[in-house]
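Enquirer: This is the content of work_23.txt (compact mmCIF, C-alpha atoms):
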# COMPACT_ATOMS: atom_id res chain seq x y z
CA MET A 1131 0.00 0.00 0.00
CA THR A 1132 2.82 2.35 0.89
CA ASN A 1133 4.50 1.63 -2.42
CA THR A 1134 1.24 2.32 -4.25
CA ARG A 1135 0.75 5.66 -2.47
CA GLN A 1136 4.37 6.60 -3.18
CA TYR A 1137 3.95 5.63 -6.86
CA ASN A 1138 0.80 7.76 -7.19
CA THR A 1139 2.50 10.68 -5.47
CA ASP A 1140 5.54 10.41 -7.71
CA PHE A 1141 3.32 10.06 -10.79
CA ARG A 1142 1.32 13.20 -9.92
CA SER A 1143 4.51 15.09 -9.16
CA ASN A 1144 6.18 14.05 -12.41
CA TYR A 1145 2.98 14.75 -14.35
CA LEU A 1146 2.64 18.24 -12.88
CA GLN A 1147 6.32 18.96 -13.44
CA GLY A 1148 6.00 17.76 -17.03
CA ASN A 1149 2.96 19.96 -17.55
CA ARG A 1150 4.74 22.94 -16.05
CA ALA A 1151 7.81 22.29 -18.21
CA GLU A 1152 5.66 21.89 -21.31
CA LYS A 1153 3.69 25.02 -20.46
CA HIS A 1154 6.94 26.92 -19.86
CA GLN A 1155 8.33 25.68 -23.14
CA GLY A 1156 5.12 26.73 -24.90
CA GLN A 1157 5.30 30.19 -23.36
CA GLN A 1158 8.93 30.53 -24.44
CA SER A 1159 7.96 29.45 -27.96
CA LEU A 1160 5.15 32.01 -28.09
CA ALA A 1161 7.45 34.74 -26.79
CA LEU A 1162 10.08 33.88 -29.38
CA CYS A 1163 7.53 33.90 -32.23
CA ARG A 1164 6.11 37.22 -31.02
CA ASP A 1165 9.60 38.72 -31.13
CA VAL A 1166 10.09 37.46 -34.68
CA LEU A 1167 6.82 38.98 -35.90
CA ARG A 1168 7.48 42.27 -34.14
CA ILE A 1169 10.93 42.53 -35.73
CA LEU A 1170 9.79 41.58 -39.23
CA PHE A 1171 6.73 43.84 -39.18
CA SER A 1172 7.93 46.64 -36.92
CA SER A 1173 7.03 49.37 -39.42
CA TYR A 1174 3.96 47.73 -41.00
CA ARG A 1175 0.86 49.93 -40.73
CA GLY A 1176 -1.46 48.11 -43.10
CA PRO A 1177 -4.91 46.53 -42.67
CA VAL A 1178 -3.73 43.02 -41.69
CA ALA A 1179 -3.36 41.73 -38.14
CA LEU A 1180 -0.84 38.98 -37.33
CA GLN A 1181 -1.68 36.41 -34.70
CA LEU A 1182 -0.16 33.27 -33.17
CA TRP A 1183 -1.88 30.06 -32.11
CA ASP A 1184 -2.80 31.49 -28.71
CA GLY A 1185 -5.40 33.73 -30.39
CA LEU A 1186 -3.87 37.05 -29.32
CA PRO A 1187 -2.91 39.67 -31.93
CA VAL A 1188 0.81 40.43 -32.12
CA ILE A 1189 0.57 43.06 -34.85
CA GLY A 1190 -2.61 45.02 -35.51
CA SER A 1191 -6.05 44.84 -33.94
CA ARG A 1192 -8.43 41.94 -33.42
CA TYR A 1193 -10.88 44.05 -35.44
CA ALA A 1194 -8.61 44.17 -38.50
CA SER A 1195 -10.18 43.48 -41.92
CA CYS A 1196 -7.80 40.52 -42.38
CA THR A 1197 -5.92 38.34 -39.90
CA LEU A 1198 -2.98 36.06 -40.68
CA ILE A 1199 -2.71 33.30 -38.07
CA PHE A 1200 0.43 31.21 -37.52
CA LYS A 1201 -0.57 27.89 -35.99
CA LYS A 1202 2.97 26.45 -35.95
CA GLN A 1203 6.53 27.73 -35.67
CA TYR A 1204 8.05 26.55 -38.94
CA PRO A 1205 6.28 29.12 -41.18
CA LEU A 1206 8.18 31.80 -39.27
CA ARG A 1207 11.43 30.09 -40.23
CA ILE A 1208 10.33 30.48 -43.85
CA LEU A 1209 9.69 34.18 -43.33
CA ILE A 1210 13.11 34.74 -41.78
CA LEU A 1211 14.91 32.78 -44.48
CA ASN A 1212 13.09 34.25 -47.45
CA LYS A 1213 11.28 37.42 -46.35
CA ASP A 1214 8.65 36.28 -48.84
CA LEU A 1215 5.01 35.61 -47.98
CA SER A 1216 4.44 33.54 -51.12
CA ARG A 1217 6.71 30.83 -49.66
CA LEU A 1218 4.06 30.21 -47.01
CA VAL A 1219 1.63 28.76 -49.55
CA VAL A 1220 2.39 25.14 -48.64
CA ALA A 1221 1.90 25.91 -44.95
CA TYR A 1222 -1.40 27.62 -45.81
CA LEU A 1223 -2.56 24.67 -47.93
CA GLN A 1224 -1.68 22.32 -45.05
CA GLY A 1225 -3.66 24.43 -42.58
CA ASP A 1226 -0.60 25.47 -40.58
CA VAL A 1227 -1.26 29.09 -41.53
CA GLU A 1228 -4.81 30.46 -41.65
CA VAL A 1229 -6.32 33.60 -43.13
CA GLU A 1230 -9.50 35.16 -41.82
CA GLY A 1231 -11.34 38.11 -43.31
CA ASP A 1232 -10.57 39.95 -46.54
CA PHE A 1233 -7.99 37.92 -48.48
CA GLU A 1234 -7.28 40.81 -50.83
CA ASP A 1235 -5.83 42.91 -47.98
CA LEU A 1236 -3.43 40.08 -47.17
CA PHE A 1237 -1.26 41.03 -50.13
CA SER A 1238 -0.28 44.33 -48.54
CA LEU A 1239 2.05 42.14 -46.45
CA VAL A 1240 3.71 40.86 -49.63
CA ASP A 1241 4.43 44.43 -50.70
CA TYR A 1242 5.69 45.31 -47.24
CA LEU A 1243 8.12 42.37 -47.09
CA ARG A 1244 9.35 43.14 -50.59
CA ASP A 1245 10.12 46.77 -49.80
CA CYS A 1246 11.03 46.84 -46.10
CA SER A 1247 14.58 47.24 -44.84
CA ILE A 1248 15.49 45.50 -41.57
CA PRO A 1249 18.20 47.16 -39.42
CA LEU A 1250 21.43 45.19 -38.99
CA LEU A 1251 20.88 44.58 -35.26
CA ASP A 1252 17.39 43.20 -35.91
CA GLN A 1253 18.80 40.98 -38.66
CA PHE A 1254 21.21 39.52 -36.10
CA ARG A 1255 18.34 38.93 -33.67
CA LEU A 1256 16.39 37.12 -36.40
CA ILE A 1257 19.37 34.86 -37.11
CA LEU A 1258 19.53 33.92 -33.43
CA ALA A 1259 15.77 33.29 -33.41
CA LEU A 1260 16.09 31.08 -36.49
CA ALA A 1261 18.32 28.66 -34.59
CA ARG A 1262 15.72 28.33 -31.83
CA LEU A 1263 12.62 27.90 -33.99
CA SER A 1264 11.64 24.26 -34.37
CA GLY A 1265 10.29 22.38 -37.35
CA PRO A 1266 11.46 22.01 -40.95
CA ALA A 1267 10.86 24.77 -43.47
CA ARG A 1268 8.62 22.60 -45.66
CA ILE A 1269 8.58 24.59 -48.86
CA SER A 1270 8.68 23.87 -52.56
CA ASP A 1271 11.53 25.42 -54.48
CA ALA A 1272 10.09 27.65 -57.20
CA ASN A 1273 13.20 29.73 -57.79
CA GLU A 1274 14.12 28.23 -61.12
CA LEU A 1275 11.85 27.90 -64.15
CA LYS A 1276 12.86 25.11 -66.49
CA SER A 1277 14.54 26.58 -69.53
CA ASP A 1278 13.21 23.84 -71.80
CA LYS A 1279 9.57 24.34 -70.79
CA ARG A 1280 7.08 23.90 -73.63
CA TYR A 1281 4.87 26.94 -73.21
CA ASN A 1282 1.12 26.52 -73.70
CA SER A 1283 1.47 22.72 -73.61
CA ARG A 1284 -1.39 20.32 -72.96
CA GLU A 1285 0.17 19.43 -69.61
CA THR A 1286 0.38 23.01 -68.33
CA ILE A 1287 -3.09 23.90 -69.59
CA SER A 1288 -4.58 20.79 -67.98
CA HIS A 1289 -2.90 21.72 -64.69
CA HIS A 1290 -5.16 24.76 -64.40
CA TYR A 1291 -8.25 24.25 -66.53
CA ASP A 1292 -9.04 20.59 -65.90
CA VAL A 1293 -9.79 21.07 -62.21
CA GLY A 1294 -13.35 20.21 -63.24
CA ASN A 1295 -16.16 21.95 -65.05
CA ASP A 1296 -18.43 21.67 -62.02
CA PHE A 1297 -15.85 23.54 -59.94
CA TYR A 1298 -15.76 26.45 -62.39
CA ARG A 1299 -19.56 26.55 -62.53
CA LEU A 1300 -19.53 27.55 -58.86
CA PHE A 1301 -18.15 31.02 -59.59
CA LEU A 1302 -18.32 31.72 -63.33
CA ASP A 1303 -21.28 33.18 -65.22
CA LYS A 1304 -23.88 31.07 -67.03
CA GLN A 1305 -21.85 31.12 -70.26
CA MET A 1306 -18.72 29.88 -68.42
CA VAL A 1307 -16.53 32.78 -69.57
CA TYR A 1308 -13.22 32.60 -67.68
CA SER A 1309 -11.84 36.03 -68.56
CA CYS A 1310 -12.38 39.70 -67.72
CA ALA A 1311 -15.99 40.89 -67.99
CA TYR A 1312 -17.06 44.31 -69.33
CA PHE A 1313 -19.12 46.18 -66.75
CA ARG A 1314 -21.42 49.11 -67.35
CA ASP A 1315 -21.49 49.90 -63.62
CA ALA A 1316 -21.17 48.19 -60.24
CA LYS A 1317 -24.86 47.25 -60.20
CA GLN A 1318 -24.61 45.07 -63.29
CA THR A 1319 -24.58 41.30 -62.75
CA LEU A 1320 -21.67 39.14 -63.84
CA ASP A 1321 -23.88 37.37 -66.39
CA GLU A 1322 -24.79 40.70 -67.97
CA ALA A 1323 -21.21 42.01 -67.92
CA GLN A 1324 -19.83 38.86 -69.54
CA GLY A 1325 -22.51 39.05 -72.22
CA ASP A 1326 -21.50 42.68 -72.83
CA LYS A 1327 -17.85 41.59 -73.12
CA LEU A 1328 -18.65 39.01 -75.78
CA GLU A 1329 -20.71 41.57 -77.68
CA HIS A 1330 -17.96 44.19 -77.33
CA ILE A 1331 -15.42 41.83 -78.88
CA CYS A 1332 -17.72 40.93 -81.77
CA ARG A 1333 -18.35 44.62 -82.48
CA LYS A 1334 -14.64 45.45 -82.36
CA LEU A 1335 -14.03 42.70 -84.92
CA ARG A 1336 -16.87 44.14 -87.07
CA LEU A 1337 -18.21 40.67 -87.72
CA GLN A 1338 -20.42 40.13 -90.76
CA PRO A 1339 -22.48 37.08 -91.81
CA GLY A 1340 -20.45 34.48 -93.66
CA MET A 1341 -17.09 35.44 -92.16
CA HIS A 1342 -14.72 32.68 -91.06
CA VAL A 1343 -13.39 33.28 -87.51
CA LEU A 1344 -10.58 31.54 -85.60
CA ASP A 1345 -10.94 31.54 -81.80
CA ILE A 1346 -7.59 30.59 -80.21
CA GLY A 1347 -8.13 29.28 -76.69
CA CYS A 1348 -11.91 29.07 -77.05
CA GLY A 1349 -12.57 27.82 -73.53
CA TRP A 1350 -16.04 26.40 -73.04
CA GLY A 1351 -17.23 27.98 -76.29
CA GLY A 1352 -18.93 31.12 -74.98
CA LEU A 1353 -17.54 33.56 -77.55
CA ALA A 1354 -17.91 31.11 -80.46
CA ILE A 1355 -21.57 30.53 -79.62
CA HIS A 1356 -22.29 34.24 -79.20
CA ALA A 1357 -20.61 35.12 -82.51
CA ALA A 1358 -22.33 32.35 -84.45
CA GLN A 1359 -25.78 33.05 -83.03
CA ARG A 1360 -25.69 36.85 -83.16
CA TYR A 1361 -23.57 37.50 -86.26
CA GLY A 1362 -23.99 34.46 -88.49
CA VAL A 1363 -20.27 33.71 -88.73
CA SER A 1364 -18.50 30.37 -88.98
CA VAL A 1365 -16.18 29.75 -86.02
CA HIS A 1366 -13.20 27.42 -85.67
CA GLY A 1367 -12.26 27.17 -81.99
CA ILE A 1368 -9.23 25.42 -80.50
CA THR A 1369 -8.40 24.55 -76.91
CA LEU A 1370 -5.91 22.31 -75.08
CA SER A 1371 -8.26 21.46 -72.20
CA GLU A 1372 -10.15 18.20 -72.65
CA GLN A 1373 -12.84 19.20 -70.17
CA GLN A 1374 -13.39 22.53 -71.93
CA TYR A 1375 -13.54 20.73 -75.27
CA ASP A 1376 -16.10 18.16 -74.06
CA LEU A 1377 -18.45 20.75 -72.58
CA ALA A 1378 -18.12 23.09 -75.56
CA GLN A 1379 -19.09 20.23 -77.88
CA GLN A 1380 -22.11 19.41 -75.72
CA ARG A 1381 -23.29 23.02 -75.72
CA ILE A 1382 -22.87 23.38 -79.48
CA THR A 1383 -24.80 20.16 -80.15
CA LYS A 1384 -27.60 21.16 -77.78
CA LEU A 1385 -27.98 24.51 -79.58
CA GLY A 1386 -27.85 22.89 -83.02
CA LEU A 1387 -24.78 24.89 -84.09
CA GLN A 1388 -22.68 21.99 -85.41
CA ASP A 1389 -22.68 23.45 -88.94
CA ASP A 1390 -21.52 26.85 -87.67
CA ILE A 1391 -18.93 25.99 -85.00
CA ARG A 1392 -16.07 23.51 -85.12
CA ILE A 1393 -14.13 22.95 -81.90
CA GLU A 1394 -10.85 21.06 -81.87
CA LEU A 1395 -8.48 19.86 -79.18
CA ARG A 1396 -5.45 21.39 -80.85
CA ASP A 1397 -2.31 23.45 -80.20
CA TYR A 1398 -2.18 26.74 -82.11
CA ARG A 1399 1.20 25.67 -83.49
CA GLU A 1400 -0.51 22.68 -85.12
CA LEU A 1401 -2.96 24.74 -87.18
CA GLU A 1402 -2.92 24.03 -90.91
CA GLN A 1403 -0.65 26.48 -92.70
CA THR A 1404 -3.04 26.62 -95.68
CA ALA A 1405 -6.01 27.77 -93.55
CA SER A 1406 -7.15 31.40 -93.75
CA TYR A 1407 -9.57 33.45 -91.69
CA ASP A 1408 -11.36 36.78 -91.99
CA ARG A 1409 -11.01 37.39 -88.26
CA ILE A 1410 -8.85 35.92 -85.50
CA VAL A 1411 -9.46 36.37 -81.78
CA SER A 1412 -7.63 35.19 -78.66
CA VAL A 1413 -9.16 35.80 -75.21
CA GLY A 1414 -7.42 34.81 -71.99
CA MET A 1415 -4.91 32.48 -73.63
CA PHE A 1416 -2.10 34.90 -74.45
CA GLU A 1417 -0.60 34.67 -70.93
CA HIS A 1418 0.53 31.09 -71.70
CA ILE A 1419 2.48 31.96 -74.86
CA GLY A 1420 5.77 33.07 -73.32
CA THR A 1421 7.70 36.09 -74.56
CA ARG A 1422 10.18 33.89 -76.39
CA ASN A 1423 7.29 32.68 -78.57
CA PHE A 1424 5.83 36.09 -79.46
CA GLU A 1425 7.37 36.05 -82.93
CA LEU A 1426 6.08 32.53 -83.58
CA TYR A 1427 2.61 33.32 -82.21
CA PHE A 1428 1.99 36.66 -83.92
CA GLY A 1429 3.75 35.54 -87.09
CA LEU A 1430 1.50 32.50 -87.38
CA ILE A 1431 -1.62 34.59 -86.82
CA ASN A 1432 -0.49 37.08 -89.45
CA ARG A 1433 -0.04 34.26 -91.99
CA LEU A 1434 -3.47 32.78 -91.22
CA LEU A 1435 -5.27 36.13 -91.43
CA LYS A 1436 -6.61 37.28 -94.78
CA ASP A 1437 -5.59 40.65 -96.21
CA ASN A 1438 -7.58 43.45 -94.55
CA GLY A 1439 -8.43 41.03 -91.76
CA LEU A 1440 -8.68 41.99 -88.09
CA PHE A 1441 -7.09 40.33 -85.07
CA LEU A 1442 -8.09 40.97 -81.45
CA ASN A 1443 -5.76 39.91 -78.64
CA HIS A 1444 -7.24 40.05 -75.11
CA GLY A 1445 -4.48 39.42 -72.57
CA ILE A 1446 -2.95 40.29 -69.20
CA THR A 1447 0.20 42.39 -68.89
CA ASN A 1448 2.20 43.87 -66.03
CA ASP A 1449 4.31 46.96 -65.50
CA THR A 1450 7.74 45.33 -65.15
CA GLY A 1451 7.79 42.22 -67.32
CA TRP A 1452 8.08 38.73 -65.83
CA ASP A 1453 10.89 39.43 -63.38
CA ASP A 1454 11.85 37.35 -60.35
CA SER A 1455 9.28 38.24 -57.71
CA PRO A 1456 7.14 36.51 -55.07
CA GLU A 1457 4.08 36.94 -57.28
CA ARG A 1458 5.80 35.32 -60.25
CA ARG A 1459 7.06 32.36 -58.21
CA PHE A 1460 3.60 31.77 -56.74
CA ILE A 1461 1.84 31.89 -60.13
CA ASN A 1462 4.36 29.58 -61.84
CA GLU A 1463 4.55 27.10 -58.99
CA TYR A 1464 0.89 26.70 -58.16
CA ILE A 1465 -1.42 28.21 -60.80
CA PHE A 1466 -0.03 28.62 -64.33
CA PRO A 1467 3.21 26.60 -64.72
CA ASP A 1468 3.88 28.34 -68.04
CA GLY A 1469 2.40 31.74 -67.18
CA GLU A 1470 4.44 34.72 -68.28
CA LEU A 1471 3.44 38.38 -68.50
CA ALA A 1472 5.00 41.20 -70.51
CA ARG A 1473 4.62 44.95 -70.67
CA ILE A 1474 2.02 46.21 -73.12
CA SER A 1475 4.78 48.04 -74.99
CA THR A 1476 6.57 44.71 -75.50
CA VAL A 1477 3.38 43.13 -76.81
CA LEU A 1478 2.67 45.97 -79.24
CA LYS A 1479 6.24 45.96 -80.54
CA ALA A 1480 6.10 42.21 -81.14
CA MET A 1481 2.83 42.57 -83.05
CA GLU A 1482 4.25 45.37 -85.20
CA ASN A 1483 7.40 43.36 -85.89
CA CYS A 1484 5.19 40.61 -87.29
CA GLY A 1485 3.44 42.93 -89.75
CA PHE A 1486 0.41 44.15 -87.81
CA GLU A 1487 -0.79 47.72 -87.60
CA ILE A 1488 -2.21 48.56 -84.18
CA ALA A 1489 -5.70 49.99 -84.60
CA ASP A 1490 -7.06 50.17 -81.06
CA VAL A 1491 -5.82 49.54 -77.52
CA GLU A 1492 -8.23 49.44 -74.57
CA SER A 1493 -7.38 48.79 -70.92
CA LEU A 1494 -9.97 46.79 -68.95
CA ARG A 1495 -8.11 46.94 -65.63
CA PRO A 1496 -10.99 48.18 -63.41
CA HIS A 1497 -13.28 45.65 -65.09
CA TYR A 1498 -11.02 42.78 -64.07
CA VAL A 1499 -11.00 43.96 -60.45
CA MET A 1500 -14.79 43.80 -60.48
CA THR A 1501 -14.77 40.43 -62.25
CA LEU A 1502 -12.35 38.85 -59.77
CA ARG A 1503 -14.27 40.16 -56.77
CA SER A 1504 -17.46 38.72 -58.23
CA TRP A 1505 -15.77 35.34 -58.69
CA LEU A 1506 -14.40 35.46 -55.15
CA GLN A 1507 -17.77 36.21 -53.65
CA ALA A 1508 -19.36 33.33 -55.55
CA LEU A 1509 -16.56 30.94 -54.61
CA ASN A 1510 -16.86 31.90 -50.94
CA ASN A 1511 -20.61 31.43 -51.09
CA ASN A 1512 -20.06 27.91 -52.44
CA LYS A 1513 -17.19 26.92 -50.14
CA ASP A 1514 -18.62 23.55 -49.11
CA GLN A 1515 -19.34 22.51 -52.68
CA ALA A 1516 -15.93 23.69 -53.86
CA GLU A 1517 -14.13 21.66 -51.19
CA HIS A 1518 -16.30 18.62 -52.00
CA LEU A 1519 -15.56 18.84 -55.74
CA ALA A 1520 -11.89 19.80 -55.74
CA GLY A 1521 -10.65 19.39 -52.17
CA GLU A 1522 -9.86 21.91 -49.46
CA ALA A 1523 -6.36 22.65 -50.79
CA THR A 1524 -7.65 23.57 -54.26
CA TYR A 1525 -10.36 25.77 -52.77
CA ARG A 1526 -7.77 27.56 -50.62
CA LEU A 1527 -5.41 27.94 -53.58
CA TRP A 1528 -8.02 29.51 -55.86
CA LEU A 1529 -9.10 31.84 -53.08
CA LEU A 1530 -5.51 33.01 -52.66
CA TYR A 1531 -4.84 33.27 -56.39
CA MET A 1532 -7.92 35.30 -57.27
CA SER A 1533 -7.54 37.56 -54.21
CA GLY A 1534 -3.95 38.34 -55.12
CA SER A 1535 -4.95 38.99 -58.72
CA ALA A 1536 -7.66 41.43 -57.62
CA TYR A 1537 -5.17 43.21 -55.34
CA TYR A 1538 -2.54 43.73 -58.04
CA PHE A 1539 -5.04 44.69 -60.73
CA ASN A 1540 -6.53 47.23 -58.34
CA LYS A 1541 -3.07 48.53 -57.47
CA GLY A 1542 -2.15 48.89 -61.15
CA GLU A 1543 0.88 46.60 -61.23
CA THR A 1544 -1.10 44.21 -63.44
CA ASN A 1545 -3.28 45.26 -66.36
CA ILE A 1546 -5.33 43.71 -69.14
CA TYR A 1547 -5.66 45.01 -72.68
CA GLN A 1548 -7.73 44.34 -75.75
CA VAL A 1549 -5.50 45.09 -78.72
CA LEU A 1550 -7.15 45.32 -82.13
CA ALA A 1551 -4.77 45.01 -85.08
CA CYS A 1552 -5.16 44.89 -88.84
CA LYS A 1553 -3.01 43.15 -91.41
CA ALA A 1554 -3.10 45.57 -94.34
CA LYS A 1555 -2.92 49.36 -94.33
CA GLN A 1556 -4.95 49.90 -97.51
CA PRO A 1557 -7.85 50.13 -97.61
CA TRP A 1558 -8.43 51.10 -93.97
CA PRO A 1559 -10.66 48.27 -92.62
CA LEU A 1560 -12.44 50.17 -89.83
CA PRO A 1561 -15.07 52.95 -89.58
CA LEU A 1562 -13.75 56.48 -89.10
CA ARG A 1563 -15.26 56.62 -85.61
CA ARG A 1564 -16.17 54.18 -82.85
CA ASP A 1565 -19.89 55.01 -82.82
CA ASP A 1566 -20.77 51.47 -83.97
CA LEU A 1567 -19.21 49.98 -80.84
CA TYR A 1568 -21.62 51.71 -78.48
CA SER A 1569 -24.85 52.20 -80.43
CA ASN A 1570 -27.89 50.59 -78.73
CA SER A 1571 -25.67 49.29 -75.92
Please rewrite the model in this file as structure tokens.
Expert:
Amino acid sequence: MTNTRQYNTDFRSNYLQGNRAEKHQGQQSLALCRDVLRILFSSYRGPVALQLWDGLPVIGSRYASCTLIFKKQYPLRILILNKDLSRLVVAYLQGDVEVEGDFEDLFSLVDYLRDCSIPLLDQFRLILALARLSGPARISDANELKSDKRYNSRETISHHYDVGNDFYRLFLDKQMVYSCAYFRDAKQTLDEAQGDKLEHICRKLRLQPGMHVLDIGCGWGGLAIHAAQRYGVSVHGITLSEQQYDLAQQRITKLGLQDDIRIELRDYRELEQTASYDRIVSVGMFEHIGTRNFELYFGLINRLLKDNGLFLNHGITNDTGWDDSPERRFINEYIFPDGELARISTVLKAMENCGFEIADVESLRPHYVMTLRSWLQALNNNKDQAEHLAGEATYRLWLLYMSGSAYYFNKGETNIYQVLACKAKQPWPLPLRRDDLYSNS
């Protein structure tokens, strides 16, 4: 009996000591992580609060519009090593970092980390903290892009677009148009704004019955169907996504447009050299081309376009080119493996070098901000369905990707342009004024 009492006493004592030691260790860990955050974000005055797993804000207020929560220590090691929020994506996808509130505001931290300068003494303190922080820095290395990458390949397109048609239905409009809409005002619905975008493109191309149109990167067939139904043209659409191809074919058959629209699962580089078109259009596909392929891409389009033909290129640009940045690494690692953006001046020069005359350039930047925010709201509203269809990690990734896109479009670092070009200078193929674009609209 005495031995039993002594055993119980020793057990309770050891248990309490272990708890106290563990609690002390936990408090030390929290204190260390607080110091790291306070050093890294000492001069941050943005809308995001930073919080540790104890639920108490370290930076910012509990009433902040967005809160970044570190649930483990190792993401802080990543921050110290890289000073790059995009490297935390894996931790976020694993649930070791959480985001609450307005995701778009989160990207002010990316800008802060990119631009901030940490004093030498604080850098030394961070190095000491790094040695004491536990856990591996579980990150994917996205520093190097493969030099032999085949841009716009079936594999890279499938990576993004074959997530599943049902997933995209959760946030796209009824026509499944996965590109920037064209809003009249903030009260207009996404369905209406996407319909206006399709109509705007058709009017810019000055489509006439009987014309033969090539749609490069035709998606789920929204533009092809609109052009065939409204303007009586014949459309040849190509895509590299099998799921887009299958649904586009189903829609065309259901509408009885098989004689007017032909969709193929084909690379633009595999188009027949003897083909010719009155009009060529590319919407939301240009970002996959790669600057090294501009001459090939625009040269091919110029050869396929009839004399006096019109070509409309609808694509995203940025203000610096595709330099080494956190945003670039994130996009190439997780969203578009072959994505590459260029300045609009680079795009226009490449088009001119291939024999095009630039007829019209229109920025849709504020329209894409509105489009992305509409998609985000719809995706958030369908969170449970999105996670069921594609998994929690994919839902989180798309939330992050579209929020970041909205932030940088709104900031002006990223833009989107519709460039209308013509092949021949005589006779001039366009009206003297743009009245026809906006009549009865």
Enquirer: Pull the closest atom pair for each residue of segment 1514-1555 of chain A that gets at most 9 Å from segment 1300-1324 of chain A, along with the distance in Å to one decimal, counting all atoms listed in the file, ordering rows by chain and then ascending residue number, as a Markdown table.
Expert:
| residue | atom | partner | partner_atom | distance |
| --- | --- | --- | --- | --- |
| A:Gln1515 | CA | A:Leu1300 | CA | 8.0 |
| A:Ala1516 | CA | A:Leu1300 | CA | 7.3 |
| A:Ile1546 | CA | A:Cys1310 | CA | 8.2 |
Enquirer: Next, the residues of the selection above should be written as a PDB file, keeping the file's coordinate frame with C-alpha atoms.
Expert:
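File written: again.pdb
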ATOM      1  CA  GLN A1515     -19.340  22.510 -52.680  1.00  0.00           C
ATOM      2  CA  ALA A1516     -15.930  23.690 -53.860  1.00  0.00           C
ATOM      3  CA  ILE A1546      -5.330  43.710 -69.140  1.00  0.00           C
TER       4      ILE A1546
END
Enquirer: Go ahead and compute the interatomic distance for atom CA of Lys1384 of chain A and atom CA of Phe1441 of chain A, in Å to one decimal.
Expert: 29.0 Å
Enquirer: Where does segment 1156-1235 of chain A meet segment 1532-1541 of chain A within 12 Å, residue by residue, with the nearest atom pair and distance in Å to one decimal for each, counting all atoms listed in the file, listed by chain and rising number, as JSON lines?
Expert:
{"residue": "A:Leu1215", "atom": "CA", "partner": "A:Gly1534", "partner_atom": "CA", "distance": 11.8}
{"residue": "A:Ser1216", "atom": "CA", "partner": "A:Gly1534", "partner_atom": "CA", "distance": 10.5}
{"residue": "A:Val1229", "atom": "CA", "partner": "A:Ser1533", "partner_atom": "CA", "distance": 11.8}
{"residue": "A:Gly1231", "atom": "CA", "partner": "A:Ser1533", "partner_atom": "CA", "distance": 11.6}
{"residue": "A:Asp1232", "atom": "CA", "partner": "A:Ser1533", "partner_atom": "CA", "distance": 8.6}
{"residue": "A:Phe1233", "atom": "CA", "partner": "A:Ser1533", "partner_atom": "CA", "distance": 5.8}
{"residue": "A:Glu1234", "atom": "CA", "partner": "A:Ser1533", "partner_atom": "CA", "distance": 4.7}
{"residue": "A:Asp1235", "atom": "CA", "partner": "A:Tyr1537", "partner_atom": "CA", "distance": 7.4}
Enquirer: Got a sec: who's within 8 Å of Met1341 of chain A, counting all atoms listed in the file, leaving out chain neighbours fewer than 3 positions off, as a PyMOL selection string?
Expert: chain A and resi 1337-1338+1362-1364+1407-1409
Enquirer: Once 5 Å is added on each side, what are the centre and the three edge lengths, in Å to one decimal, of the axis-aligned box enclosing the listed atoms of segment 1292-1300 of chain A? Present them as lines of an AutoDock Vina configuration file.
Expert:
center_x = -14.3
center_y = 23.9
center_z = -62.4
size_x = 20.5
size_y = 17.3
size_z = 17.0
Enquirer: Just give me the gap between atom CA of Thr1447 of chain A and atom CA of Arg1473 of chain A in Å, one decimal is fine.
Expert: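 Atom CA of Arg1473 of chain A lies at a distance of 5.4 Å from atom CA of Thr1447 of chain A.
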Enquirer: Rank A:Leu1186, A:Leu1211, A:Val1219, A:Cys1484 by their smallest atom-to-atom distance to Tyr1427 of chain A, using all atoms listed in the file, and report the top residue only.
Expert: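 Comparing A:Leu1186, A:Leu1211, A:Val1219, A:Cys1484 against Tyr1427 of chain A, the winner is A:Cys1484.
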Enquirer: What's the 12 Å shell around Ser1173 of chain A, counting only C-alpha atoms, without same-chain residues fewer than 6 positions away, as a PyMOL selection string?
Expert: chain A and resi 1167+1189-1190+1239+1242-1243+1245-1249
Enquirer: Could you add the missing atoms to segment 1207-1211 of chain A, up to N, CA, C and O atoms, and return them as an mmCIF file, in the frame of the given file?
Expert:
data_model
loop_
_atom_site.group_PDB
_atom_site.id
_atom_site.type_symbol
_atom_site.label_atom_id
_atom_site.label_comp_id
_atom_site.auth_asym_id
_atom_site.auth_seq_id
_atom_site.Cartn_x
_atom_site.Cartn_y
_atom_site.Cartn_z
ATOM 1 N N ARG A 1207 10.088 30.366 -39.691
ATOM 2 C CA ARG A 1207 11.430 30.090 -40.230
ATOM 3 C C ARG A 1207 11.485 30.466 -41.709
ATOM 4 O O ARG A 1207 12.475 31.013 -42.193
ATOM 5 N N ILE A 1208 10.405 30.155 -42.423
ATOM 6 C CA ILE A 1208 10.330 30.480 -43.850
ATOM 7 C C ILE A 1208 10.405 31.980 -44.059
ATOM 8 O O ILE A 1208 11.111 32.476 -44.948
ATOM 9 N N LEU A 1209 9.681 32.721 -43.214
ATOM 10 C CA LEU A 1209 9.690 34.180 -43.330
ATOM 11 C C LEU A 1209 11.080 34.755 -43.091
ATOM 12 O O LEU A 1209 11.523 35.657 -43.802
ATOM 13 N N ILE A 1210 11.770 34.239 -42.083
ATOM 14 C CA ILE A 1210 13.110 34.740 -41.780
ATOM 15 C C ILE A 1210 14.072 34.421 -42.924
ATOM 16 O O ILE A 1210 14.866 35.262 -43.355
ATOM 17 N N LEU A 1211 13.985 33.219 -43.429
ATOM 18 C CA LEU A 1211 14.910 32.780 -44.480
ATOM 19 C C LEU A 1211 14.676 33.487 -45.804
ATOM 20 O O LEU A 1211 15.619 33.773 -46.540
#
